[in-house]
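Student: Quick one, run-v2.tsv (TSV, C-alpha atoms):
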```tsv
chain	number	residue	atom	x	y	z
J	92	MET	CA	174.88	-10.80	67.26
J	93	LEU	CA	172.21	-13.28	66.29
J	94	PRO	CA	169.47	-11.69	64.18
J	95	ILE	CA	166.33	-11.13	66.27
J	96	LEU	CA	163.22	-12.07	64.27
J	97	PHE	CA	160.66	-11.22	66.97
J	98	GLU	CA	160.62	-9.72	70.45
J	99	ASN	CA	158.02	-8.80	73.06
J	100	ASP	CA	158.10	-8.40	76.84
J	101	GLU	CA	158.35	-12.14	77.41
J	102	ILE	CA	160.21	-13.81	74.55
J	103	ILE	CA	162.59	-13.34	71.67
J	104	VAL	CA	162.95	-15.44	68.53
J	105	VAL	CA	166.45	-15.53	67.04
J	106	ASP	CA	167.67	-16.74	63.65
J	107	LYS	CA	170.13	-19.46	64.65
J	108	PRO	CA	172.91	-20.31	62.17
J	109	ALA	CA	173.85	-23.89	61.36
J	110	GLY	CA	176.85	-25.07	63.39
J	111	LEU	CA	176.08	-23.05	66.54
J	112	PRO	CA	174.94	-25.18	69.52
J	113	ALA	CA	171.66	-24.15	71.12
J	114	GLN	CA	172.98	-24.19	74.66
J	115	PRO	CA	176.22	-24.58	76.64
J	116	GLY	CA	177.69	-28.00	77.31
J	117	GLU	CA	180.91	-29.92	77.62
J	118	ARG	CA	183.42	-28.85	74.97
J	119	VAL	CA	181.02	-26.16	73.73
J	120	GLY	CA	182.42	-22.67	73.27
J	121	SER	CA	179.77	-20.27	72.05
J	122	SER	CA	176.09	-21.18	72.01
J	123	VAL	CA	172.82	-19.40	71.37
J	124	ILE	CA	172.43	-18.94	75.13
J	125	SER	CA	175.93	-17.51	75.66
J	126	VAL	CA	175.67	-15.16	72.68
J	127	VAL	CA	172.33	-13.77	73.88
J	128	GLU	CA	173.71	-13.41	77.43
J	129	LYS	CA	176.69	-11.43	76.15
J	130	GLU	CA	174.81	-9.22	73.72
J	131	LEU	CA	171.53	-8.59	75.56
J	132	GLY	CA	172.59	-8.85	79.18
J	133	PHE	CA	170.20	-11.52	80.46
J	134	THR	CA	170.18	-15.30	80.64
J	135	PRO	CA	167.47	-16.63	78.32
J	136	PHE	CA	165.43	-19.78	78.84
J	137	PRO	CA	165.06	-21.93	75.70
J	138	ILE	CA	161.42	-22.70	74.91
J	139	HIS	CA	162.49	-25.25	72.33
J	140	ARG	CA	165.88	-26.40	71.10
J	141	LEU	CA	167.39	-26.93	67.70
J	142	ASP	CA	170.13	-29.40	66.86
J	143	LYS	CA	173.54	-27.81	66.39
J	144	GLU	CA	173.39	-28.24	62.61
J	145	THR	CA	169.77	-27.02	62.24
J	146	ALA	CA	169.38	-23.36	61.26
J	147	GLY	CA	166.45	-20.99	61.76
J	148	CYS	CA	163.83	-19.88	64.26
J	149	MET	CA	164.61	-20.56	67.92
J	150	MET	CA	162.40	-19.17	70.68
J	151	LEU	CA	163.80	-18.01	74.03
J	152	ALA	CA	162.06	-16.66	77.13
J	153	LYS	CA	163.32	-13.65	79.03
J	154	ASN	CA	162.53	-15.08	82.47
J	155	ALA	CA	161.38	-18.29	84.16
J	156	ARG	CA	157.74	-17.21	84.35
J	157	ALA	CA	157.59	-16.49	80.62
J	158	ALA	CA	159.34	-19.79	79.95
J	159	SER	CA	156.60	-21.65	81.82
J	160	THR	CA	153.83	-19.80	79.96
J	161	TRP	CA	155.24	-20.31	76.47
J	162	SER	CA	156.34	-23.87	77.14
J	163	ALA	CA	152.71	-24.62	77.97
J	164	PHE	CA	151.62	-23.08	74.64
J	165	LEU	CA	154.12	-25.34	72.91
J	166	ALA	CA	152.97	-28.43	74.80
J	167	GLU	CA	149.35	-27.72	73.88
J	168	ARG	CA	150.31	-27.32	70.19
J	169	ASP	CA	149.24	-23.67	70.21
J	170	ILE	CA	152.55	-22.82	68.54
J	171	GLY	CA	153.14	-23.97	64.97
J	172	LYS	CA	156.70	-25.04	64.15
J	173	TYR	CA	157.51	-25.47	60.47
J	174	TYR	CA	160.68	-26.80	58.89
J	175	ARG	CA	162.10	-27.18	55.41
J	176	ALA	CA	164.40	-30.06	54.50
J	177	ILE	CA	166.19	-31.22	51.38
J	178	CYS	CA	166.08	-35.00	51.20
J	179	SER	CA	167.53	-37.76	49.09
J	180	GLY	CA	164.71	-39.01	46.89
J	181	GLY	CA	161.35	-38.19	48.43
J	182	PRO	CA	157.95	-39.48	49.50
J	183	VAL	CA	155.67	-41.12	46.94
J	184	ARG	CA	152.79	-38.78	47.72
J	185	ASP	CA	153.04	-35.00	47.66
J	186	ARG	CA	151.32	-34.65	51.02
J	187	GLY	CA	150.95	-36.93	54.01
J	188	SER	CA	152.23	-37.80	57.46
J	189	TYR	CA	154.35	-40.36	59.29
J	190	ASP	CA	153.22	-41.69	62.64
J	191	ASP	CA	155.81	-44.39	63.34
J	192	ALA	CA	156.57	-44.74	67.03
J	193	LEU	CA	160.14	-43.83	67.98
J	194	PRO	CA	162.23	-45.45	70.72
J	195	ILE	CA	163.05	-42.93	73.43
J	196	ALA	CA	165.11	-44.20	76.38
J	197	GLY	CA	164.15	-47.77	75.55
J	198	LYS	CA	160.42	-47.06	75.29
J	199	ALA	CA	158.37	-46.73	72.10
J	200	MET	CA	156.82	-43.26	72.00
J	201	SER	CA	154.16	-42.03	69.60
J	202	ALA	CA	155.37	-39.52	67.01
J	203	LEU	CA	153.67	-37.58	64.22
J	204	THR	CA	155.40	-35.68	61.42
J	205	ARG	CA	153.36	-34.05	58.65
J	206	TYR	CA	154.94	-33.28	55.29
J	207	VAL	CA	154.23	-31.41	52.06
J	208	CYS	CA	156.51	-31.95	49.07
J	209	LEU	CA	157.19	-28.48	47.65
J	210	ALA	CA	159.49	-29.56	44.82
J	211	ARG	CA	161.34	-32.49	43.28
J	212	PHE	CA	164.54	-31.72	41.40
J	213	GLY	CA	167.93	-32.90	40.25
J	214	SER	CA	169.01	-36.01	38.40
J	215	GLN	CA	170.80	-39.01	39.82
J	216	GLU	CA	173.38	-38.72	37.07
J	217	GLN	CA	174.18	-35.02	37.44
J	218	ASP	CA	177.64	-34.17	38.78
J	219	GLY	CA	178.37	-37.90	39.10
J	220	LEU	CA	176.56	-38.04	42.44
J	221	ALA	CA	175.33	-41.57	41.78
J	222	GLY	CA	178.86	-42.89	42.23
J	223	SER	CA	180.68	-45.63	40.36
J	224	GLN	CA	179.26	-48.42	42.51
J	225	ALA	CA	175.65	-47.26	42.37
J	226	PRO	CA	172.95	-48.75	40.10
J	227	ALA	CA	172.45	-47.12	36.71
J	228	PRO	CA	170.82	-43.68	37.29
J	229	ASP	CA	167.30	-42.97	36.16
J	230	PRO	CA	167.20	-39.43	34.71
J	231	ALA	CA	163.40	-39.38	34.98
J	232	ARG	CA	163.49	-39.86	38.74
J	233	PRO	CA	164.43	-36.69	40.67
J	234	ALA	CA	167.35	-37.18	43.01
J	235	PHE	CA	166.15	-34.73	45.68
J	236	SER	CA	163.02	-33.24	47.20
J	237	LEU	CA	162.28	-30.09	49.15
J	238	LEU	CA	159.80	-30.82	51.94
J	239	GLU	CA	157.93	-28.62	54.40
J	240	LEU	CA	157.42	-30.42	57.68
J	241	SER	CA	155.42	-29.75	60.82
J	242	LEU	CA	155.42	-31.56	64.12
J	243	GLY	CA	152.49	-33.18	65.85
J	244	THR	CA	154.81	-34.34	68.62
J	245	GLY	CA	158.25	-33.25	69.78
J	246	ARG	CA	160.44	-36.36	70.01
J	247	THR	CA	164.22	-36.19	69.85
J	248	HIS	CA	165.44	-35.95	66.23
J	249	GLN	CA	161.90	-36.78	65.16
J	250	ILE	CA	162.03	-35.28	61.66
J	251	ARG	CA	165.46	-36.72	60.92
J	252	ARG	CA	164.44	-40.17	62.11
J	253	HIS	CA	161.13	-40.30	60.27
J	254	MET	CA	162.70	-39.16	57.00
J	255	ALA	CA	165.42	-41.80	57.27
J	256	MET	CA	162.96	-44.54	58.23
J	257	HIS	CA	160.94	-43.88	55.09
J	258	GLY	CA	163.88	-43.96	52.72
J	259	HIS	CA	164.47	-40.25	52.07
J	260	PRO	CA	167.02	-39.10	54.65
J	261	ILE	CA	167.88	-35.44	55.00
J	262	LEU	CA	171.06	-34.50	53.18
J	263	GLY	CA	174.02	-33.91	55.45
J	264	ASP	CA	172.54	-35.93	58.33
J	265	ASP	CA	175.57	-37.54	59.97
J	266	LYS	CA	173.53	-39.65	62.38
J	267	TYR	CA	170.59	-41.10	60.44
J	268	GLY	CA	171.47	-40.22	56.87
J	269	ASP	CA	172.88	-41.86	53.76
J	270	PHE	CA	176.56	-41.77	54.70
J	271	PRO	CA	178.09	-42.62	51.26
J	272	LEU	CA	175.87	-39.98	49.62
J	273	ASN	CA	176.79	-37.44	52.29
J	274	ARG	CA	180.50	-38.04	51.60
J	275	ARG	CA	179.98	-37.52	47.88
J	276	LEU	CA	177.90	-34.39	48.46
J	277	ARG	CA	180.49	-32.96	50.81
J	278	LYS	CA	183.24	-33.48	48.24
J	279	GLN	CA	181.35	-32.64	45.06
J	280	ALA	CA	178.69	-30.16	46.19
J	281	GLY	CA	180.21	-28.63	49.33
J	282	VAL	CA	177.46	-29.87	51.67
J	283	LYS	CA	178.92	-29.32	55.15
J	284	HIS	CA	175.74	-28.79	57.17
J	285	LEU	CA	172.49	-30.63	57.73
J	286	LEU	CA	169.93	-29.39	55.19
J	287	LEU	CA	167.21	-28.87	57.78
J	288	TRP	CA	165.87	-25.40	58.47
J	289	SER	CA	163.41	-24.12	61.08
J	290	CYS	CA	161.78	-21.77	58.61
J	291	ARG	CA	158.70	-20.45	60.41
J	292	LEU	CA	157.01	-20.10	63.80
J	293	GLU	CA	153.34	-19.30	64.25
J	294	LEU	CA	152.59	-17.86	67.69
J	295	PRO	CA	149.07	-17.26	68.99
J	296	GLY	CA	148.01	-13.69	68.35
J	297	TYR	CA	150.95	-12.74	66.10
J	298	PRO	CA	151.79	-12.83	62.38
J	299	PRO	CA	154.03	-15.71	61.26
J	300	ILE	CA	157.72	-15.32	62.07
J	301	ARG	CA	160.01	-16.29	59.21
J	302	ALA	CA	163.74	-17.02	59.27
J	303	SER	CA	166.08	-16.08	56.45
J	304	LEU	CA	167.02	-18.78	53.94
J	305	PRO	CA	170.38	-20.24	55.10
J	306	SER	CA	173.31	-19.82	52.75
J	307	HIS	CA	173.96	-23.57	52.60
J	308	PHE	CA	170.41	-24.08	51.25
J	309	THR	CA	170.97	-21.34	48.67
J	310	ASP	CA	174.32	-22.82	47.64
J	311	PHE	CA	172.95	-26.33	47.21
J	312	LEU	CA	169.80	-25.33	45.34
J	313	GLY	CA	171.86	-23.12	43.05
J	314	ARG	CA	173.67	-26.16	41.68
J	315	TRP	CA	170.55	-27.60	40.06
J	316	PRO	CA	168.83	-25.92	37.09
J	317	ASP	CA	165.45	-27.35	38.01
J	318	ALA	CA	165.68	-26.61	41.74
J	319	PRO	CA	163.09	-24.23	43.25
J	320	ARG	CA	164.00	-20.61	43.89
J	321	SER	CA	161.08	-18.46	45.14
J	322	GLU	CA	159.23	-21.51	46.51
J	323	VAL	CA	161.69	-21.97	49.37
J	324	HIS	CA	160.85	-18.66	51.05
```
Please go through the file and, once you have read it, give me the structure as structure tokens.
Tutor:
Amino acid sequence: MLPILFENDEIIVVDKPAGLPAQPGERVGSSVISVVEKELGFTPFPIHRLDKETAGCMMLAKNARAASTWSAFLAERDIGKYYRAICSGGPVRDRGSYDDALPIAGKAMSALTRYVCLARFGSQEQDGLAGSQAPAPDPARPAFSLLELSLGTGRTHQIRRHMAMHGHPILGDDKYGDFPLNRRLRKQAGVKHLLLWSCRLELPGYPPIRASLPSHFTDFLGRWPDAPRSEVH
């Protein structure tokens, strides 16, 4: 059973694991929807969706009427969605936003992603992650950053695309990421999932809802002596 982080008469918020699709589809076995149907006995309506490889808070409505109500809250930005990501390199500033338009179905659409850099850690020369063909590593420049991100818009793959566009792709991103680095990290550091986590939801009238730290985040951070520990919660 998926851990339930929050429940009222209209919605539930589950803690989705990485690797589980959000909803049924072609060549999809289990999904968040099918697991909830089996365990709780009703067909939920997703209020928002997470990519298959993204872990954390996912909100589902118990009926169509509740879905309409809470989808409107989301559209009006009355619901805060917060993510954590581990990226290659990191932004120059510790706090800021990206507002690059993103192409959606052939049309440029406005997009806004806010970020806060919570930590910078690692060395480009540790564990040989720089690779034999890479430039000489700079030990003074951290190899990775832990970012908290929030959405001002909800475009497809918005966070992943903005991070890649600005030169600090999310580790494990097999669509927009640094593919040679991902291969090295998979082999040398066991990175098998996208290091993007839906860590917190803020619903109107309720305390913040927090997901548990995914094991693949814990495993990766544990490899680096200077990586954050308590700061990721």
Student: What is the atom CA of J:Phe311-atom CA of J:Tyr173 distance in Å, reported with one decimal?
Tutor: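 Between atom CA of J:Phe311 and atom CA of J:Tyr173 the gap works out to 20.4 Å.
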Student: Which residue gives the smallest distance to J:Gly243 among J:His139, J:Lys198, J:His259, J:Arg168, with only C-alpha atoms counted?
Tutor: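 Nearest to J:Gly243: J:Arg168.
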Student: Closest to J:Ala255 among J:Gly110, J:Ala157, J:Gly296, J:Tyr189, using only C-alpha atoms?
Tutor: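 For J:Ala255, the nearest of the candidates is J:Tyr189.
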Student: Neighbours of J:Gly281 within 12 Å (only C-alpha atoms; same-chain residues fewer than 2 positions away dropped), as a list of chain:residue names?
Tutor: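 Counting only the stated atoms, we get J:Leu262, J:Gly263, J:Asn273, J:Arg274, J:Arg275, J:Leu276, J:Arg277, J:Lys278, J:Gln279, J:Lys283, J:His284, J:Leu285, J:Leu286, J:Ser306, J:His307, J:Phe308, J:Thr309, J:Asp310, J:Phe311, J:Leu312, J:Gly313, J:Arg314.
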Student: Between atom CA of J:Ser125 and atom CA of J:Ala158, what is the distance, to one decimal in Å?
Tutor: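 Distance reported for this atom pair: 17.3 Å.
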Student: Which is closest to J:Phe212 among J:Ala280, J:Cys178, J:Ala155, J:Ile170, if we use only C-alpha atoms?
Tutor: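 Distance minimum relative to J:Phe212 lands on J:Cys178.
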Student: I need the residue nearest J:Ile195 from this list: J:Thr134, J:Ser289, J:Ser303, J:Thr247. Use all atoms listed in the file for the distance.
Tutor: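 So, comparing all the options, the nearest one is J:Thr247.
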Student: For J:Asp191, please output as a list in words all residues within 10 Å (counting only C-alpha atoms; exclusion window: fewer than 4 positions along the same chain).
Tutor: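 Here the answer would be Ala199, Met200, Ser201, Ala202, Leu203, Thr204, Gln249, Arg252, His253, Met256 and His257 of chain J.
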Student: I need the residues from that last selection saved to file as a PDB file, in the coordinates of the input (with C-alpha atoms), if you can.
Tutor:
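Result went into out-v3.pdb, see below:
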```
ATOM      1  CA  ALA J 199     158.370 -46.730  72.100  1.00  0.00           C
ATOM      2  CA  MET J 200     156.820 -43.260  72.000  1.00  0.00           C
ATOM      3  CA  SER J 201     154.160 -42.030  69.600  1.00  0.00           C
ATOM      4  CA  ALA J 202     155.370 -39.520  67.010  1.00  0.00           C
ATOM      5  CA  LEU J 203     153.670 -37.580  64.220  1.00  0.00           C
ATOM      6  CA  THR J 204     155.400 -35.680  61.420  1.00  0.00           C
ATOM      7  CA  GLN J 249     161.900 -36.780  65.160  1.00  0.00           C
ATOM      8  CA  ARG J 252     164.440 -40.170  62.110  1.00  0.00           C
ATOM      9  CA  HIS J 253     161.130 -40.300  60.270  1.00  0.00           C
ATOM     10  CA  MET J 256     162.960 -44.540  58.230  1.00  0.00           C
ATOM     11  CA  HIS J 257     160.940 -43.880  55.090  1.00  0.00           C
TER      12      HIS J 257
END
```
Student: I need the residue nearest J:Val104 from this list: J:Ala210, J:Phe270, J:Lys153, J:Gly245. Use all atoms listed in the file for the distance.
Tutor: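 Under the stated criterion, the closest residue is J:Lys153.
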Student: Could you tell me which of J:Glu128, J:Glu293, J:Asp317, J:Asp106 comes closest to J:Gly171 if we count all atoms listed in the file?
Tutor: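 That would be J:Glu293, the residue with the smallest distance to J:Gly171.
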Student: Using Å and a single decimal, report how far atom CA of J:Arg205 sits from atom CA of J:Asp190.
Tutor: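 Computing the Euclidean distance for atom CA of J:Asp190 and atom CA of J:Arg205 yields 8.6 Å.
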Student: Quick one: everything within 7 Å of J:Tyr206, counting only C-alpha atoms, minus sequence neighbours fewer than 4 positions away in the same chain. Send it as a PyMOL selection string.
Tutor: chain J and resi 186-188+238-241
Student: Save stretch 185-199 of chain J from what I just supplied, as a short mmCIF file (atom, residue, chain, number, x, y, z; two decimals), in the first residue's frame, atoms limited to N, CA and C atoms.
Tutor:
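Result written to selection.cif:
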```cif
data_model
loop_
_atom_site.label_atom_id
_atom_site.label_comp_id
_atom_site.auth_asym_id
_atom_site.auth_seq_id
_atom_site.Cartn_x
_atom_site.Cartn_y
_atom_site.Cartn_z
N ASP J 185 22.33 31.90 -5.02
CA ASP J 185 21.71 30.96 -4.10
C ASP J 185 20.20 30.99 -4.14
N ARG J 186 19.64 32.02 -4.74
CA ARG J 186 18.18 32.15 -4.81
C ARG J 186 17.82 32.90 -6.09
N GLY J 187 16.77 32.48 -6.75
CA GLY J 187 16.36 33.17 -7.97
C GLY J 187 15.22 32.44 -8.65
N SER J 188 15.03 32.72 -9.92
CA SER J 188 13.97 32.08 -10.68
C SER J 188 14.36 32.03 -12.15
N TYR J 189 13.73 31.11 -12.87
CA TYR J 189 13.89 30.99 -14.32
C TYR J 189 12.52 31.19 -14.94
N ASP J 190 12.47 32.05 -15.96
CA ASP J 190 11.19 32.31 -16.61
C ASP J 190 11.25 32.10 -18.11
N ASP J 191 12.18 31.24 -18.56
CA ASP J 191 12.27 30.95 -19.99
C ASP J 191 10.99 30.29 -20.48
N ALA J 192 10.48 30.76 -21.61
CA ALA J 192 9.33 30.11 -22.22
C ALA J 192 9.71 28.70 -22.68
N LEU J 193 8.75 27.78 -22.63
CA LEU J 193 8.99 26.40 -23.03
C LEU J 193 8.07 26.03 -24.18
N PRO J 194 8.59 25.35 -25.20
CA PRO J 194 7.72 24.93 -26.30
C PRO J 194 6.81 23.79 -25.86
N ILE J 195 5.53 23.99 -26.03
CA ILE J 195 4.52 22.98 -25.73
C ILE J 195 3.65 22.83 -26.97
N ALA J 196 3.69 21.64 -27.58
CA ALA J 196 2.91 21.38 -28.80
C ALA J 196 3.18 22.43 -29.87
N GLY J 197 4.45 22.79 -30.01
CA GLY J 197 4.84 23.72 -31.06
C GLY J 197 4.63 25.19 -30.75
N LYS J 198 4.15 25.49 -29.55
CA LYS J 198 3.88 26.88 -29.17
C LYS J 198 4.69 27.24 -27.94
N ALA J 199 5.31 28.42 -27.94
CA ALA J 199 6.08 28.87 -26.78
C ALA J 199 5.12 29.28 -25.66
#
```
